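Asks: Quick one: this structure, given as structure tokens, is what I'll be asking you about.
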Amino acid sequence: MRQVIFPSEKRMAAELLLSGQNEALPATVSSAQPGDAALLDEYSRTVVGAVERVAPAVVNIDIKQRGRGAPEIGGSGSGFLIAPDGFILTNSHVVHNATAINVNVSGGHEFSAQLIGDDPDTDLAVIRIDAPHLSHVRLADSENLRVGQIGIAIGNPLGFQASVTTGVISALGRSMHAQSGRLIDNIIQTDAALNPGNSGGPLVNSAGEVIGVNTAMIRPAQGICFAIASNTAKFVAGWLIRDGKIRRSYIGVAGQNVPIHRRVIRFYNLPLESGVLVVSVANNSPAATAGLREGDVIVSFNGEPIGNIHELHRRLLAEQIGVESRILIIRHTEKLELPIVPQESRPRD
């Protein structure tokens, strides 16, 4: 049956809207349950607070790049300040082979930037601008992340300053290929939307701490985006600032963090409750030569407990290149110690 609206009701509704007194609607108009409005307000306050803490440290990066036999082209991305004296963390693919780098900071000021270090193997880079006393972020411990918690992505998609998208952490421990061809482990999957130009921006938690560096999206998919974990970013950024590059060894496995069964922990008296599951073994790699197989769980390297991928990466530095080491694994329920000789990782341009 068609509802008839009388002129007096139309006039009342118009006056209500124009006077701004329509906030408190009758209970019959809204289907929300008691407390829903307060819950949404709290969520909004959480996001707003996190953005207010982080957004002043997010920058827009414009680059000029000369291709092989091609004219100079431009590109852009995002980054964020990790120190008050101008150090900026971003993606390697944003600044790799750049002939000029310009940075726009919060407030509209533009600076020329210097490339401090570039690591295509983890798709991370550090650049620096000559400007003191800048707002900067705090990097959280990504090992404390849980699937389902809030993820807030901040960046400059298509040049729009400090655009914000929100979502949740969809999965942890993913692996993806960097442009160098190397597998990046311990990747965070989120459904916080990323767009062209978001690369290099921060993924933050509800406290306004950086938990990842936004790096990629799957274009045909909806809500599948990736970020490099903050622990990896802290480790790589420290080396890039100190030495300008990372010279690392590799063993040739892709892995992910996994818990170890309590019976296995008790039987072998293992110091940690987790290890690194070998997902794949590269052909002709040190791991293949040593006899590692898919499904093995790495629990120790040279006598040092390995509870996650980050700890394994920390052991595989220049000092291990060409040096025979010992790797302890759990294969099904059997504990094995294998000799392995890490080789130098050689990133490709």
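By order in the structure tokens, chains are A, B, ...; within a chain, residues start at 1; ligands start at 1, following the order shown.
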Where in range 89-213 of chain A does DSSP assign alpha helix (DSSP H), given as an mmCIF file with C-alpha atoms, in the first residue's frame?

Replies:
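Listed below is the output, states17.cif:
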```cif
data_model
loop_
_atom_site.group_PDB
_atom_site.id
_atom_site.type_symbol
_atom_site.label_atom_id
_atom_site.label_comp_id
_atom_site.auth_asym_id
_atom_site.auth_seq_id
_atom_site.Cartn_x
_atom_site.Cartn_y
_atom_site.Cartn_z
ATOM 1 C CA SER A 92 63.033 -0.122 -2.814
ATOM 2 C CA HIS A 93 60.889 -0.199 -5.945
ATOM 3 C CA VAL A 94 59.812 3.410 -5.292
ATOM 4 C CA VAL A 95 63.367 4.843 -5.420
#
```

Asks: When you look at Ala153 in chain A with a cut-off of 12 Å (counting only C-alpha atoms), what residues show up, excluding the ones that are within fewer than 4 positions of it in the same chain? I need them as number ranges by chain.

Replies: A: 47, 50-51, 54-55, 58, 78-80, 157, 162-169, 189-195, 197-206, 208-215, 225-227

Asks: Pull the closest atom pair for each residue of range 134-236 of chain A that gets at most 12 Å from range 252-257 of chain A, along with the distance in Å to one decimal, counting only C-alpha atoms, ordering rows by chain and then ascending residue number, as a tab-separated table.

Replies:
```
residue	atom	partner	partner_atom	distance
A:Glu143	CA	A:Asn257	CA	10.0
A:Ala171	CA	A:Gln256	CA	11.7
A:Leu172	CA	A:Asn257	CA	8.8
A:Gly173	CA	A:Gln256	CA	5.3
A:Arg174	CA	A:Gln256	CA	7.0
A:Ser175	CA	A:Ala254	CA	7.4
A:Met176	CA	A:Ala254	CA	9.5
A:His177	CA	A:Ala254	CA	10.3
A:Arg182	CA	A:Ala254	CA	9.4
A:Leu183	CA	A:Ala254	CA	6.6
A:Ile184	CA	A:Ala254	CA	8.2
A:Asp185	CA	A:Gly255	CA	6.6
A:Asn186	CA	A:Gln256	CA	6.5
A:Ile187	CA	A:Gln256	CA	9.3
A:Ile188	CA	A:Gln256	CA	11.5
```

Asks: Calculate how many Å separate CA of Gly49 in chain A from CA of Ala229 in chain A, rounding to one decimal.

Replies: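 CA of Ala229 in chain A lies at a distance of 21.9 Å from CA of Gly49 in chain A.
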
Asks: Taking only C-alpha atoms into account, which of A:Ile127, A:Ala290, A:Ile152, A:Leu134 comes nearest Ser112 in chain A?

Replies: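 Ranking A:Ile127, A:Ala290, A:Ile152, A:Leu134 by distance to Ser112 in chain A, first place goes to A:Ile127.
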
Asks: At a cut-off of 9 Å, using only C-alpha atoms, what residues contact range 307-317 of chain A? Leave out same-chain residues fewer than 2 positions from it and give the result as a ChimeraX atom specification.

Replies: /A:143,173,185-186,231-232,235,246-251,255-259,272-276,298-302,304-305,319-321,342,344

Asks: When you look at Asn269 in chain A with a cut-off of 12 Å (counting only C-alpha atoms), what residues show up, excluding the ones that are within fewer than 6 positions of it in the same chain? I need them as a list in words.

Replies: Ile260, His261, Arg262, Arg263, Val299, Pro305 and Lys335 of chain A

Asks: Using the selection just defined, write its residues with C-alpha atoms as a tab-separated table (two decimals), in the first residue's frame.

Replies:
```
chain	number	residue	atom	x	y	z
A	260	ILE	CA	55.92	-26.91	17.63
A	261	HIS	CA	53.91	-29.69	19.25
A	262	ARG	CA	54.29	-29.71	23.03
A	263	ARG	CA	55.27	-33.38	23.08
A	299	VAL	CA	64.76	-24.83	15.42
A	305	PRO	CA	67.56	-21.10	19.00
A	335	LYS	CA	65.63	-34.32	15.48
```

Asks: Between A:Leu81, A:Ile154, A:Ile330, A:Leu115, single out the one closest to Pro132 in chain A, counting only C-alpha atoms.

Replies: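 Residue with the minimum atom-to-atom distance to Pro132 in chain A: A:Leu81.
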
Asks: May I ask for the distance between CA of Val126 in chain A and CA of Ala140 in chain A, given in Å to one decimal place?

Replies: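 These two atoms are separated by 18.0 Å.
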
Asks: Can you list, as an NGL selection string, every protein, DNA or RNA residue that comes within 8 Å of Ile61 in chain A when you count only C-alpha atoms, leaving out same-chain residues fewer than 6 positions away?

Replies: :A and (76-79 or 101-104)

Asks: How about saving the chosen residues, all heavy atoms kept, as a PDB file, in the first residue's frame?

Replies:
```
ATOM      1  N   SER A  76      56.017   8.079  -8.391  1.00  0.00           N
ATOM      2  CA  SER A  76      55.749   8.573  -7.042  1.00  0.00           C
ATOM      3  C   SER A  76      55.411   7.417  -6.121  1.00  0.00           C
ATOM      4  O   SER A  76      55.058   6.313  -6.565  1.00  0.00           O
ATOM      5  CB  SER A  76      54.610   9.592  -7.046  1.00  0.00           C
ATOM      6  OG  SER A  76      53.390   8.979  -7.413  1.00  0.00           O
ATOM      7  N   GLY A  77      55.506   7.669  -4.850  1.00  0.00           N
ATOM      8  CA  GLY A  77      55.184   6.684  -3.827  1.00  0.00           C
ATOM      9  C   GLY A  77      55.082   7.375  -2.483  1.00  0.00           C
ATOM     10  O   GLY A  77      55.011   8.606  -2.393  1.00  0.00           O
ATOM     11  N   SER A  78      55.083   6.585  -1.457  1.00  0.00           N
ATOM     12  CA  SER A  78      54.958   7.090  -0.094  1.00  0.00           C
ATOM     13  C   SER A  78      56.161   6.657   0.726  1.00  0.00           C
ATOM     14  O   SER A  78      56.933   5.790   0.327  1.00  0.00           O
ATOM     15  CB  SER A  78      53.669   6.573   0.551  1.00  0.00           C
ATOM     16  OG  SER A  78      52.531   6.921  -0.201  1.00  0.00           O
ATOM     17  N   GLY A  79      56.292   7.248   1.880  1.00  0.00           N
ATOM     18  CA  GLY A  79      57.333   6.889   2.829  1.00  0.00           C
ATOM     19  C   GLY A  79      56.963   7.479   4.171  1.00  0.00           C
ATOM     20  O   GLY A  79      55.961   8.193   4.307  1.00  0.00           O
ATOM     21  N   ILE A 101      65.302  12.525  -6.399  1.00  0.00           N
ATOM     22  CA  ILE A 101      64.255  12.182  -5.440  1.00  0.00           C
ATOM     23  C   ILE A 101      63.828  13.461  -4.722  1.00  0.00           C
ATOM     24  O   ILE A 101      64.662  14.158  -4.131  1.00  0.00           O
ATOM     25  CB  ILE A 101      64.745  11.154  -4.391  1.00  0.00           C
ATOM     26  CG1 ILE A 101      65.328   9.914  -5.071  1.00  0.00           C
ATOM     27  CG2 ILE A 101      63.604  10.774  -3.448  1.00  0.00           C
ATOM     28  CD1 ILE A 101      66.003   8.948  -4.105  1.00  0.00           C
ATOM     29  N   ASN A 102      62.555  13.776  -4.772  1.00  0.00           N
ATOM     30  CA  ASN A 102      62.002  14.925  -4.056  1.00  0.00           C
ATOM     31  C   ASN A 102      60.953  14.440  -3.068  1.00  0.00           C
ATOM     32  O   ASN A 102      60.142  13.556  -3.388  1.00  0.00           O
ATOM     33  CB  ASN A 102      61.376  15.935  -5.022  1.00  0.00           C
ATOM     34  CG  ASN A 102      62.427  16.633  -5.863  1.00  0.00           C
ATOM     35  OD1 ASN A 102      63.426  17.107  -5.343  1.00  0.00           O
ATOM     36  ND2 ASN A 102      62.204  16.687  -7.159  1.00  0.00           N
ATOM     37  N   VAL A 103      60.950  15.045  -1.894  1.00  0.00           N
ATOM     38  CA  VAL A 103      60.056  14.626  -0.814  1.00  0.00           C
ATOM     39  C   VAL A 103      59.197  15.798  -0.381  1.00  0.00           C
ATOM     40  O   VAL A 103      59.708  16.893  -0.117  1.00  0.00           O
ATOM     41  CB  VAL A 103      60.868  14.091   0.393  1.00  0.00           C
ATOM     42  CG1 VAL A 103      59.959  13.863   1.591  1.00  0.00           C
ATOM     43  CG2 VAL A 103      61.592  12.807   0.014  1.00  0.00           C
ATOM     44  N   ASN A 104      57.888  15.559  -0.316  1.00  0.00           N
ATOM     45  CA  ASN A 104      56.944  16.538   0.228  1.00  0.00           C
ATOM     46  C   ASN A 104      56.505  16.066   1.607  1.00  0.00           C
ATOM     47  O   ASN A 104      55.928  14.985   1.744  1.00  0.00           O
ATOM     48  CB  ASN A 104      55.720  16.664  -0.687  1.00  0.00           C
ATOM     49  CG  ASN A 104      56.056  17.322  -2.007  1.00  0.00           C
ATOM     50  OD1 ASN A 104      56.187  18.526  -2.092  1.00  0.00           O
ATOM     51  ND2 ASN A 104      56.215  16.499  -3.047  1.00  0.00           N
TER      52      ASN A 104
END
```
